[in-house]
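Asker: What follows is entry11.txt; its format and atoms are compact mmCIF, C-alpha atoms.
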```txt
# COMPACT_ATOMS: atom_id res chain seq x y z
CA MET A 119 -51.85 -40.94 -3.29
CA GLU A 120 -53.11 -37.44 -4.12
CA LYS A 121 -54.13 -36.80 -0.50
CA ARG A 122 -50.75 -37.98 0.76
CA MET A 123 -49.01 -35.63 -1.66
CA GLU A 124 -51.22 -32.74 -0.58
CA LYS A 125 -50.56 -33.48 3.10
CA ARG A 126 -46.82 -33.67 2.47
CA MET A 127 -46.92 -30.37 0.61
CA GLU A 128 -48.77 -28.67 3.46
CA GLU A 129 -46.21 -30.00 5.94
CA GLN A 130 -43.37 -28.62 3.83
CA ILE A 131 -45.06 -25.24 3.56
CA LYS A 132 -45.66 -25.09 7.30
CA ALA A 133 -42.03 -25.98 8.05
CA ALA A 134 -40.86 -23.28 5.63
CA GLN A 135 -43.20 -20.73 7.21
CA GLU A 136 -41.80 -21.50 10.67
CA LYS A 137 -38.21 -21.06 9.48
CA PHE A 138 -39.13 -17.82 7.73
CA ALA A 139 -40.84 -16.52 10.88
CA GLU A 140 -37.64 -17.13 12.86
CA LEU A 141 -35.66 -15.11 10.33
CA ILE A 142 -38.16 -12.24 10.46
CA ARG A 143 -37.98 -12.15 14.27
CA SER A 144 -34.19 -11.87 14.14
CA GLU A 145 -34.50 -8.88 11.79
CA TYR A 146 -36.73 -6.98 14.24
CA GLU A 147 -33.99 -7.38 16.84
CA ARG A 148 -31.36 -6.13 14.37
CA ILE A 149 -33.47 -3.12 13.42
CA GLU A 150 -33.75 -2.11 17.08
CA ALA A 151 -29.96 -2.45 17.43
CA MET A 152 -29.48 -0.16 14.40
CA LYS A 153 -31.74 2.45 15.97
CA GLN A 154 -29.51 2.46 19.05
CA ASP A 155 -26.19 2.51 17.13
CA LYS A 156 -25.57 6.27 17.14
CA GLU A 157 -22.19 6.74 18.90
CA VAL A 158 -19.40 7.63 16.46
CA THR A 159 -15.71 7.18 17.30
CA ASP A 160 -13.83 10.50 17.52
CA PHE A 161 -10.24 9.62 16.67
CA ALA A 162 -9.00 13.16 17.30
CA SER A 163 -9.86 12.81 20.99
CA LYS A 164 -8.27 9.39 21.50
CA GLU A 165 -4.96 9.21 23.36
CA LYS A 166 -4.07 5.97 21.58
CA ILE A 167 -5.36 4.39 18.38
CA VAL A 168 -5.05 0.61 18.10
CA VAL A 169 -4.82 -0.80 14.58
CA GLY A 170 -5.48 -4.55 14.48
CA ILE A 171 -3.57 -6.45 11.78
CA LEU A 172 -5.06 -9.65 10.31
CA PRO A 173 -2.55 -11.01 7.75
CA GLY A 174 -4.93 -13.54 6.16
CA ASP A 175 -4.30 -16.63 4.01
CA GLY A 176 -2.33 -17.35 0.83
CA ILE A 177 -0.51 -14.22 -0.33
CA GLY A 178 -2.00 -12.30 2.59
CA PRO A 179 1.00 -12.48 4.97
CA ILE A 180 3.38 -11.67 2.08
CA ILE A 181 1.65 -8.48 1.00
CA MET A 182 0.82 -7.51 4.60
CA GLU A 183 4.53 -7.53 5.47
CA GLN A 184 5.18 -5.01 2.71
CA ALA A 185 2.14 -2.87 3.54
CA LEU A 186 3.34 -2.62 7.13
CA ARG A 187 6.73 -1.38 5.92
CA VAL A 188 4.92 1.49 4.23
CA VAL A 189 2.88 2.34 7.35
CA HIS A 190 6.00 2.29 9.53
CA GLU A 191 7.53 4.83 7.14
CA LEU A 192 4.52 7.14 7.00
CA LEU A 193 3.50 6.94 10.68
CA ALA A 194 7.00 6.58 12.13
CA ASP A 195 6.63 9.37 14.71
CA GLU A 196 3.12 8.33 15.78
CA ILE A 197 4.17 4.69 16.24
CA ALA A 198 7.33 5.67 18.12
CA SER A 199 5.37 7.92 20.51
CA GLY A 200 2.70 5.28 21.17
CA LYS A 201 -0.10 7.36 19.64
CA VAL A 202 -0.65 4.56 17.10
CA GLU A 203 -0.19 0.87 17.94
CA LEU A 204 -0.05 -1.81 15.24
CA ARG A 205 -1.29 -5.01 16.88
CA THR A 206 -1.13 -8.35 15.02
CA ILE A 207 -4.10 -10.62 15.75
CA GLU A 208 -3.44 -14.35 15.37
CA GLY A 209 -5.90 -17.14 14.69
CA MET A 210 -7.62 -16.27 11.41
CA THR A 211 -5.77 -18.71 9.16
CA ILE A 212 -8.01 -21.17 7.35
CA GLU A 213 -6.23 -24.01 9.18
CA ASN A 214 -7.19 -22.59 12.58
CA ARG A 215 -10.73 -21.81 11.51
CA VAL A 216 -11.23 -25.34 10.16
CA ALA A 217 -9.72 -26.88 13.29
CA LYS A 218 -12.20 -24.94 15.45
CA MET A 219 -15.03 -25.25 12.90
CA GLU A 220 -15.63 -21.52 13.33
CA SER A 221 -15.49 -19.01 10.50
CA LEU A 222 -14.72 -16.28 13.02
CA PRO A 223 -13.37 -17.85 16.24
CA ALA A 224 -14.84 -16.20 19.33
CA ASP A 225 -11.44 -15.45 20.89
CA VAL A 226 -10.25 -13.78 17.69
CA PHE A 227 -13.39 -11.65 17.50
CA GLU A 228 -12.85 -10.49 21.08
CA GLU A 229 -9.35 -9.35 20.17
CA CYS A 230 -10.73 -7.52 17.13
CA LYS A 231 -13.18 -5.61 19.34
CA LYS A 232 -10.27 -4.37 21.49
CA CYS A 233 -8.96 -2.46 18.45
CA ASP A 234 -10.25 0.78 16.95
CA VAL A 235 -9.71 -0.21 13.32
CA LEU A 236 -8.59 -3.35 11.51
CA VAL A 237 -6.55 -3.95 8.37
CA LYS A 238 -6.86 -7.42 6.86
CA GLY A 239 -5.41 -9.48 4.08
CA PRO A 240 -7.56 -11.91 2.08
CA PHE A 241 -9.21 -14.88 3.86
CA VAL A 242 -10.07 -18.24 2.33
CA THR A 243 -13.83 -18.69 2.08
CA PRO A 244 -14.51 -22.40 1.45
CA ARG A 245 -16.48 -23.32 -1.66
CA ALA A 246 -18.23 -26.50 -2.64
CA GLY A 247 -15.78 -29.03 -4.03
CA ASP A 248 -12.58 -27.60 -2.53
CA GLY A 249 -12.39 -30.24 0.21
CA LEU A 250 -12.91 -27.83 3.12
CA PRO A 251 -15.86 -27.61 5.53
CA ASN A 252 -18.58 -25.30 4.25
CA LEU A 253 -17.78 -22.42 6.61
CA VAL A 254 -19.58 -19.13 6.00
CA SER A 255 -17.61 -16.05 4.97
CA ALA A 256 -15.45 -14.69 7.79
CA ASN A 257 -15.53 -11.33 6.00
CA SER A 258 -19.32 -11.17 6.27
CA LEU A 259 -19.24 -12.15 9.94
CA LEU A 260 -16.71 -9.43 10.73
CA ARG A 261 -18.76 -6.81 8.91
CA ARG A 262 -21.97 -7.80 10.67
CA GLY A 263 -20.39 -8.31 14.07
CA LEU A 264 -18.75 -4.89 14.02
CA GLN A 265 -21.71 -3.22 12.26
CA LEU A 266 -19.57 -2.12 9.30
CA PHE A 267 -22.46 -1.05 7.13
CA ALA A 268 -20.59 0.88 4.42
CA ALA A 269 -18.08 -0.67 2.01
CA VAL A 270 -16.34 2.34 0.48
CA ARG A 271 -14.28 1.65 -2.64
CA PRO A 272 -12.42 4.39 -4.52
CA VAL A 273 -11.62 3.90 -8.21
CA ARG A 274 -9.27 6.32 -9.97
CA ILE A 275 -8.32 6.25 -13.67
CA PRO A 276 -6.59 9.61 -14.16
CA ASP A 277 -6.12 9.38 -17.91
CA LYS A 278 -9.89 8.96 -18.35
CA GLY A 279 -10.78 11.65 -15.82
CA ILE A 280 -12.37 9.08 -13.50
CA ASP A 281 -12.35 9.68 -9.75
CA TRP A 282 -15.22 7.59 -8.41
CA THR A 283 -16.20 6.50 -4.92
CA PHE A 284 -18.61 3.58 -4.41
CA PHE A 285 -20.72 3.17 -1.27
CA ARG A 286 -21.88 -0.44 -1.12
CA GLU A 287 -24.39 -1.44 1.57
CA ASN A 288 -22.37 -4.06 3.40
CA ILE A 289 -24.71 -6.14 5.54
CA GLU A 290 -28.17 -6.61 4.03
CA GLY A 291 -29.41 -7.69 0.60
CA GLU A 292 -28.76 -11.25 -0.51
CA TYR A 293 -25.84 -11.69 1.88
CA ILE A 294 -27.37 -11.36 5.34
CA TRP A 295 -29.33 -14.63 5.04
CA GLY A 296 -26.92 -16.14 2.53
CA ASN A 297 -26.61 -19.37 4.53
CA LYS A 298 -30.22 -19.36 5.77
CA GLY A 299 -32.14 -20.22 2.64
CA ILE A 300 -34.98 -22.72 2.89
CA GLN A 301 -34.99 -26.05 1.08
CA VAL A 302 -38.76 -26.36 0.95
CA SER A 303 -38.72 -29.67 -0.91
CA GLU A 304 -36.44 -31.62 -3.24
CA ASP A 305 -37.83 -29.50 -6.06
CA LEU A 306 -37.92 -26.07 -4.44
CA ALA A 307 -35.29 -23.93 -2.73
CA VAL A 308 -35.73 -20.31 -1.68
CA ASP A 309 -33.14 -17.68 -0.83
CA PHE A 310 -33.87 -14.13 0.30
CA LYS A 311 -33.02 -10.48 -0.24
CA VAL A 312 -33.39 -8.23 2.80
CA GLN A 313 -33.80 -4.45 2.87
CA THR A 314 -34.56 -2.25 5.87
CA GLU A 315 -35.29 1.45 5.94
CA GLN A 316 -32.61 1.96 8.59
CA GLY A 317 -29.96 0.03 6.65
CA SER A 318 -30.69 1.88 3.43
CA GLU A 319 -30.87 5.27 5.15
CA ARG A 320 -27.46 5.02 6.80
CA ILE A 321 -25.63 3.95 3.62
CA ALA A 322 -27.38 6.69 1.64
CA ARG A 323 -26.48 9.31 4.25
CA ALA A 324 -22.86 8.15 4.25
CA ALA A 325 -22.71 8.63 0.46
CA PHE A 326 -24.29 12.09 0.55
CA GLU A 327 -22.12 13.24 3.46
CA PHE A 328 -19.01 12.12 1.57
CA ALA A 329 -20.19 13.96 -1.53
CA LYS A 330 -20.88 17.13 0.46
CA LYS A 331 -17.53 17.10 2.29
CA ASN A 332 -15.54 16.37 -0.86
CA GLY A 333 -17.14 18.85 -3.25
CA LYS A 334 -18.99 16.24 -5.31
CA HIS A 335 -22.24 17.11 -7.06
CA ASN A 336 -23.66 13.72 -8.02
CA VAL A 337 -24.83 10.58 -6.25
CA THR A 338 -25.88 7.75 -8.58
CA VAL A 339 -28.02 4.93 -7.19
CA VAL A 340 -27.53 1.56 -8.91
CA THR A 341 -30.26 -1.12 -8.70
CA LYS A 342 -32.35 -3.56 -10.73
CA ALA A 343 -35.60 -1.91 -9.68
CA ASN A 344 -37.27 -2.62 -13.01
CA ILE A 345 -37.33 -6.30 -11.98
CA VAL A 346 -36.83 -6.38 -8.19
CA LYS A 347 -39.73 -4.05 -7.61
CA LEU A 348 -40.13 -3.96 -3.82
CA VAL A 349 -36.68 -4.22 -2.24
CA ASP A 350 -34.78 -2.25 -4.89
CA GLY A 351 -37.69 0.15 -5.24
CA ASN A 352 -37.61 0.85 -1.51
CA PHE A 353 -33.84 1.37 -1.66
CA ILE A 354 -34.29 4.06 -4.31
CA LYS A 355 -37.05 5.75 -2.31
CA VAL A 356 -34.84 5.99 0.76
CA VAL A 357 -31.88 7.35 -1.24
CA LYS A 358 -34.10 10.02 -2.81
CA LYS A 359 -35.60 10.94 0.56
CA VAL A 360 -32.14 11.43 2.06
CA GLY A 361 -31.10 13.32 -1.06
CA GLU A 362 -33.76 15.96 -0.38
CA GLU A 363 -31.56 17.14 2.50
CA TYR A 364 -28.72 17.81 0.03
CA PRO A 365 -30.25 20.09 -2.64
CA ASP A 366 -26.89 20.85 -4.27
CA ILE A 367 -26.29 17.18 -5.09
CA GLU A 368 -27.94 15.60 -8.12
CA VAL A 369 -29.46 12.12 -7.67
CA LYS A 370 -29.33 9.84 -10.69
CA GLU A 371 -30.65 6.28 -11.19
CA VAL A 372 -29.07 3.61 -13.38
CA LEU A 373 -29.68 -0.12 -13.74
CA VAL A 374 -26.93 -2.46 -12.59
CA ASP A 375 -26.58 -4.29 -15.91
CA ALA A 376 -26.21 -1.02 -17.80
CA MET A 377 -23.68 0.17 -15.23
CA ALA A 378 -21.55 -2.96 -15.60
CA ALA A 379 -21.70 -2.83 -19.40
CA LYS A 380 -21.27 0.90 -20.04
CA MET A 381 -19.37 2.37 -17.09
CA MET A 382 -16.39 3.30 -19.29
CA ASP A 383 -18.54 5.01 -21.93
CA PRO A 384 -17.98 8.79 -21.51
CA ASP A 385 -21.53 9.55 -22.62
CA PHE A 386 -22.93 7.11 -20.05
CA ASN A 387 -20.73 8.08 -17.09
CA LYS A 388 -20.75 11.85 -17.65
CA GLY A 389 -21.09 13.64 -14.33
CA MET A 390 -21.01 10.49 -12.21
CA GLU A 391 -18.90 10.85 -9.05
CA VAL A 392 -20.35 8.97 -6.06
CA PHE A 393 -22.34 5.73 -6.25
CA VAL A 394 -24.62 4.05 -3.71
CA LEU A 395 -25.56 0.41 -4.25
CA PRO A 396 -27.22 -2.50 -2.45
CA ASN A 397 -24.89 -5.28 -1.32
CA LEU A 398 -24.74 -7.75 -4.24
CA TYR A 399 -24.71 -5.12 -6.99
CA GLY A 400 -22.00 -3.24 -5.13
CA ASP A 401 -19.87 -6.36 -4.88
CA ILE A 402 -20.07 -7.02 -8.62
CA VAL A 403 -19.88 -3.46 -9.96
CA THR A 404 -16.89 -2.45 -7.84
CA ASP A 405 -14.97 -5.52 -9.00
CA VAL A 406 -15.70 -4.60 -12.62
CA ALA A 407 -14.59 -1.01 -11.97
CA ALA A 408 -11.42 -2.24 -10.27
CA GLU A 409 -10.56 -4.29 -13.37
CA HIS A 410 -10.80 -1.13 -15.48
CA GLN A 411 -8.52 0.64 -12.98
CA GLY A 412 -5.85 -2.02 -13.43
CA GLY A 413 -7.10 -5.18 -11.78
CA LEU A 414 -8.28 -6.28 -8.35
CA GLY A 415 -4.69 -6.11 -7.16
CA THR A 416 -4.84 -2.32 -7.44
CA ALA A 417 -8.08 -1.73 -5.52
CA CYS A 418 -9.00 -1.64 -1.85
CA SER A 419 -12.10 -1.42 0.30
CA SER A 420 -12.94 0.49 3.46
CA ASN A 421 -15.64 -1.04 5.66
CA ILE A 422 -17.00 1.71 7.87
CA GLY A 423 -19.30 1.67 10.88
CA ASN A 424 -20.03 4.19 13.59
CA LYS A 425 -17.58 2.66 16.09
CA TYR A 426 -15.24 0.39 14.12
CA ALA A 427 -13.72 0.31 10.65
CA LEU A 428 -11.97 -2.38 8.61
CA PHE A 429 -9.70 -1.83 5.61
CA GLU A 430 -8.79 -4.57 3.15
CA ALA A 431 -7.56 -5.68 -0.22
CA ILE A 432 -10.48 -6.73 -2.40
CA HIS A 433 -8.73 -9.60 -4.19
CA GLY A 434 -8.52 -13.19 -2.98
CA THR A 435 -5.74 -15.35 -1.56
CA ALA A 436 -4.23 -16.10 -5.02
CA PRO A 437 -3.90 -19.89 -4.65
CA TYR A 438 -2.57 -20.16 -8.21
CA LEU A 439 0.35 -17.84 -7.44
CA MET A 440 1.08 -19.69 -4.21
CA SER A 441 0.97 -23.13 -5.83
CA HIS A 442 3.29 -22.00 -8.64
CA GLY A 443 5.92 -20.41 -6.42
CA ARG A 444 4.94 -16.86 -7.39
CA GLY A 445 3.45 -15.64 -4.10
CA TYR A 446 6.47 -13.45 -3.35
CA HIS A 447 5.85 -11.66 -6.65
CA ALA A 448 2.24 -10.73 -5.84
CA ASP A 449 1.08 -7.13 -6.24
CA PRO A 450 0.78 -5.49 -2.77
CA CYS A 451 -0.84 -2.28 -4.04
CA SER A 452 -4.39 -3.16 -3.00
CA LEU A 453 -3.38 -3.70 0.62
CA ILE A 454 -1.04 -0.69 0.57
CA ARG A 455 -3.92 1.46 -0.67
CA ALA A 456 -6.05 0.02 2.15
CA MET A 457 -3.39 1.23 4.60
CA GLY A 458 -3.73 4.68 3.03
CA GLU A 459 -7.49 4.67 3.57
CA MET A 460 -6.93 3.55 7.17
CA MET A 461 -4.51 6.41 7.83
CA ALA A 462 -6.99 8.94 6.44
CA HIS A 463 -9.81 7.49 8.56
CA ILE A 464 -7.89 7.86 11.82
CA GLY A 465 -6.87 11.43 11.06
CA TYR A 466 -3.77 11.31 8.87
CA GLY A 467 -5.18 12.26 5.49
CA ASP A 468 -1.95 14.01 4.54
CA ARG A 469 -0.09 10.67 4.73
CA LYS A 470 -2.69 9.07 2.50
CA GLN A 471 -2.30 11.86 -0.07
CA LEU A 472 1.48 11.42 -0.06
CA LEU A 473 1.07 7.67 -0.51
CA MET A 474 -1.42 8.02 -3.37
CA LYS A 475 0.90 10.39 -5.23
CA ALA A 476 3.82 8.01 -4.74
CA LEU A 477 1.73 5.09 -6.02
CA ASP A 478 0.76 7.10 -9.11
CA ILE A 479 4.46 7.68 -9.81
CA CYS A 480 5.38 4.03 -9.21
CA THR A 481 2.50 2.45 -11.13
CA VAL A 482 1.52 4.98 -13.82
CA THR A 483 3.94 7.78 -14.69
CA GLU A 484 7.44 6.48 -13.91
CA ARG A 485 7.20 2.70 -13.40
CA LYS A 486 10.90 2.00 -12.86
CA VAL A 487 10.00 -1.29 -11.16
CA VAL A 488 7.24 -3.35 -12.76
CA LEU A 489 5.22 -6.10 -11.12
CA THR A 490 3.85 -8.85 -13.35
CA THR A 491 3.66 -11.67 -10.72
CA PHE A 492 6.21 -13.60 -12.81
CA VAL A 493 9.42 -14.57 -11.03
CA GLU A 494 11.67 -13.07 -13.74
CA ASP A 495 10.23 -9.62 -12.93
CA ALA A 496 10.14 -7.56 -9.71
CA SER A 497 9.26 -9.19 -6.41
CA THR A 498 6.73 -7.83 -3.94
CA ALA A 499 9.56 -6.60 -1.70
CA GLU A 500 11.45 -4.99 -4.61
CA PHE A 501 8.38 -3.00 -5.62
CA THR A 502 7.92 -1.85 -2.02
CA ASP A 503 11.58 -0.80 -1.89
CA TYR A 504 10.89 1.38 -4.95
CA LEU A 505 7.73 2.82 -3.38
CA LEU A 506 9.51 3.64 -0.12
CA GLU A 507 12.37 5.29 -1.99
CA THR A 508 9.83 7.40 -3.89
CA ILE A 509 8.07 8.43 -0.66
CA ARG A 510 11.37 9.43 0.96
CA ASN A 511 12.37 11.47 -2.08
CA MET A 512 9.00 13.24 -2.04
CA LYS A 513 9.45 14.04 1.66
CA LYS A 514 12.84 15.61 0.95
CA GLU A 515 11.41 17.69 -1.89
CA GLY A 516 8.33 18.60 0.07
```
As structure tokens - that is how I would like this structure written.

Answerer:
Amino acid sequence: MEKRMEKRMEEQIKAAQEKFAELIRSEYERIEAMKQDKEVTDFASKEKIVVGILPGDGIGPIIMEQALRVVHELLADEIASGKVELRTIEGMTIENRVAKMESLPADVFEECKKCDVLVKGPFVTPRAGDGLPNLVSANSLLRRGLQLFAAVRPVRIPDKGIDWTFFRENIEGEYIWGNKGIQVSEDLAVDFKVQTEQGSERIARAAFEFAKKNGKHNVTVVTKANIVKLVDGNFIKVVKKVGEEYPDIEVKEVLVDAMAAKMMDPDFNKGMEVFVLPNLYGDIVTDVAAEHQGGLGTACSSNIGNKYALFEAIHGTAPYLMSHGRGYHADPCSLIRAMGEMMAHIGYGDRKQLLMKALDICTVTERKVVLTTFVEDASTAEFTDYLLETIRNMKKEG
């Protein structure tokens, strides 16, 4: 019996080693691809900029409709002249993805690659117990497929003097092999965390370049390096190495649990401006920060690569609102802010600034129309009417 158990154990170990070897080989290929990925899109030189629109699931199409109204107002001349094209891409509903048993259908991905940038609403990512096939995250596949290595999330809380920008590494960490863990035996399962020098270097450089261009003097790196010694330790080393090229920018280290717990403490966050984080920590910390800003419905994310970029709301599809007849009262601000980030990325930063000021008026200082998601209060469209009226008034005054 003991020999049979030992033989079985050795077979399980060998099978796990073979699977792990396959994963390692795939990473060498990805590292070589990163080394070659140097060409950066110059939007100023493009005759036409194509913006792909992916409405999403649940409340996605509802808030996308309103966000597009705002873009048509702010980029009216550019759209009319053909300089900017807004192109809706069909096929990313959960129904279509389940029917094809593809998280990111190949034909949809080809259409995405024909665009310069994408703006997307929330997608359903199936979870255990919800009755859907266990498809992997379409968001992750888009980010990897388009090499969108930087998730950039701004968080502003004016009354607390907070104007933060988070740079989350968007591809590696726990997520890149998230569906490739190894069930070694009935008793043992192993998942992985992946870090490469190239992946860490490019997200660090993106953070420092942003800080330099925007007059920031601090980059804070957030990890759990006291426990995850190798991967998180290497991430810090790379950030510090890149930081040596930016002597006017202070580099600070904090632990992720302390960051989540104390980020609103003025003594803790003093001087913090730009953050760089590995994938999982970035996902969690930016959601916590967004809640302090006013909820996930107020926050957006920019996913930036050298060639492509994708802009999105960071909240989900809001199935509760949809099932209770409240979808048309959802807050569109996250997706509208994403449109602002998109406009800045393609060269219209002045339109983003106008939009951000109008949003501050509509959501903080004036608040003539209030969204609560309850049907007795303002609808999504009514709030957007108010926002558009504010923008037009600011144009007249301006």

Asker: Report, as AutoDock Vina command-line options, the centre and edge lengths in Å (one decimal) of the axis-aligned box enclosing every listed atom of stretch 395-410 of chain A, padded by 8 Å on each side.

Answerer:
```
--center_x -18.9 --center_y -3.7 --center_z -8.4 --size_x 32.7 --size_y 24.2 --size_z 30.2
```

Asker: Compare A:Glu292, A:Glu327, A:Glu129, A:Asp195 by their minimum atom-to-atom distance to A:Gln313, counting only C-alpha atoms, and give me the closest one.

Answerer: A:Glu292

Asker: Do a neighbour search on A:Lys342 at 6 Å with all atoms listed in the file, toss out local chain neighbours closer than 4 positions, and write the hits as a compact mmCIF listing (two decimals) with C-alpha atoms, keeping the file's coordinate frame.

Answerer:
```
# COMPACT_ATOMS: atom_id res chain seq x y z
CA VAL A 346 -36.83 -6.38 -8.19
CA LEU A 373 -29.68 -0.12 -13.74
CA VAL A 374 -26.93 -2.46 -12.59
```

Asker: Could you please determine the separation between atom CA of A:Ile171 and atom CA of A:Thr206 in Å, to one decimal place?

Answerer: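 Going from atom CA of A:Ile171 over to atom CA of A:Thr206 covers 4.5 Å.
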
Asker: Please indicate the distance in Å from atom CA of A:Glu128 to atom CA of A:Gly299, rounded to one decimal place.

Answerer: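 Value for the atom CA of A:Glu128-atom CA of A:Gly299 distance: 18.7 Å.
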
Asker: Sorted by chain and rising residue number, which residues of stretch 389-409 of chain A lie within 12 Å of stretch 358-368 of chain A, and what are their closest atom pairs and distances in Å to one decimal, counting all atoms listed in the file, as a Markdown table?

Answerer:
```
| residue | atom | partner | partner_atom | distance |
| --- | --- | --- | --- | --- |
| A:Gly389 | CA | A:Glu368 | CA | 9.5 |
| A:Met390 | CA | A:Glu368 | CA | 9.5 |
| A:Glu391 | CA | A:Glu368 | CA | 10.3 |
| A:Val392 | CA | A:Ile367 | CA | 10.2 |
| A:Phe393 | CA | A:Glu368 | CA | 11.5 |
| A:Val394 | CA | A:Lys358 | CA | 11.2 |
```

Asker: Atom CA of A:Ile464 and atom CA of A:Phe161, how far apart in Å?

Answerer: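 Computed distance, atom CA of A:Phe161 to atom CA of A:Ile464, equals 5.7 Å.
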
Asker: My list of candidates is A:Ser497, A:Ser318, A:Asn257, A:Gln471. Which is closest to A:Gly434 when distances are computed with all atoms listed in the file?

Answerer: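 Of A:Ser497, A:Ser318, A:Asn257, A:Gln471, the one nearest A:Gly434, counting all atoms listed in the file, is A:Asn257.
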
Asker: Using all atoms listed in the file for the distances, tell me which of A:Val339, A:Leu453, A:Ala151, A:Leu192 is nearest to A:Val356.

Answerer: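 Nearest candidate to A:Val356 out of A:Val339, A:Leu453, A:Ala151, A:Leu192: A:Val339.
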
Asker: Quick one: residues within 8 Å of A:Arg271, only C-alpha atoms counted, chain neighbours fewer than 6 positions away excluded, as a ChimeraX atom specification?

Answerer: /A:283-285,404,417-420

Asker: Find the residues around A:Lys201 up to 12 Å (all atoms listed in the file counted), leave out those fewer than 2 positions away in its own chain, and share them as a count of residues only.

Answerer: 20

Asker: From (-34.5, 5.0, -4.8), in the file's coordinates, out to 9 Å: which residues are reached, counting only C-alpha atoms? Answer as a ChimeraX atom specification.

Answerer: /A:339-341,343,350-359,371

Asker: Excluding A:Met512 and its own-chain neighbours fewer than 2 positions away, which residues fall within 10 Å of it when counting all atoms listed in the file? Please give them as a PDB file with C-alpha atoms, in the coordinates of the input.

Answerer:
```
ATOM      1  CA  LEU A 472       1.480  11.420  -0.060  1.00  0.00           C
ATOM      2  CA  LEU A 473       1.070   7.670  -0.510  1.00  0.00           C
ATOM      3  CA  LYS A 475       0.900  10.390  -5.230  1.00  0.00           C
ATOM      4  CA  ALA A 476       3.820   8.010  -4.740  1.00  0.00           C
ATOM      5  CA  LEU A 506       9.510   3.640  -0.120  1.00  0.00           C
ATOM      6  CA  GLU A 507      12.370   5.290  -1.990  1.00  0.00           C
ATOM      7  CA  THR A 508       9.830   7.400  -3.890  1.00  0.00           C
ATOM      8  CA  ILE A 509       8.070   8.430  -0.660  1.00  0.00           C
ATOM      9  CA  ARG A 510      11.370   9.430   0.960  1.00  0.00           C
ATOM     10  CA  LYS A 514      12.840  15.610   0.950  1.00  0.00           C
ATOM     11  CA  GLU A 515      11.410  17.690  -1.890  1.00  0.00           C
ATOM     12  CA  GLY A 516       8.330  18.600   0.070  1.00  0.00           C
TER      13      GLY A 516
END
```

Asker: Skip A:Asp277 itself and residues of its chain fewer than 3 positions away, then list as a list of chain:residue names all residues within 10 Å of it, counting only C-alpha atoms.

Answerer: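 So the residues in contact are A:Arg274, A:Ile280, A:Val482.
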
Asker: Which is closest to A:Leu172 among A:Ala431, A:Ala408, A:Leu395, A:Ile149, if we use all atoms listed in the file?

Answerer: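 Counting all atoms listed in the file, the residue closest to A:Leu172 is A:Ala431.
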
Asker: For A:Ala436, which residue among A:Asp175, A:Glu228, A:Glu124, A:Glu140 is the nearest when counting all atoms listed in the file?

Answerer: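 Comparing A:Asp175, A:Glu228, A:Glu124, A:Glu140 against A:Ala436, the winner is A:Asp175.
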
Asker: Nearest residue to A:Thr481 out of A:Leu253, A:Val235, A:Ala456, A:Ile275, using all atoms listed in the file?

Answerer: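 Closest to A:Thr481 of all the choices is A:Ile275.
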
Asker: Just give me the residues with any atom within 9 Å of (-28.5, 1.7, 5.8), file coordinates, counting all atoms listed in the file, written as a PyMOL selection string.

Answerer: chain A and resi 152+267-268+287-290+313-324
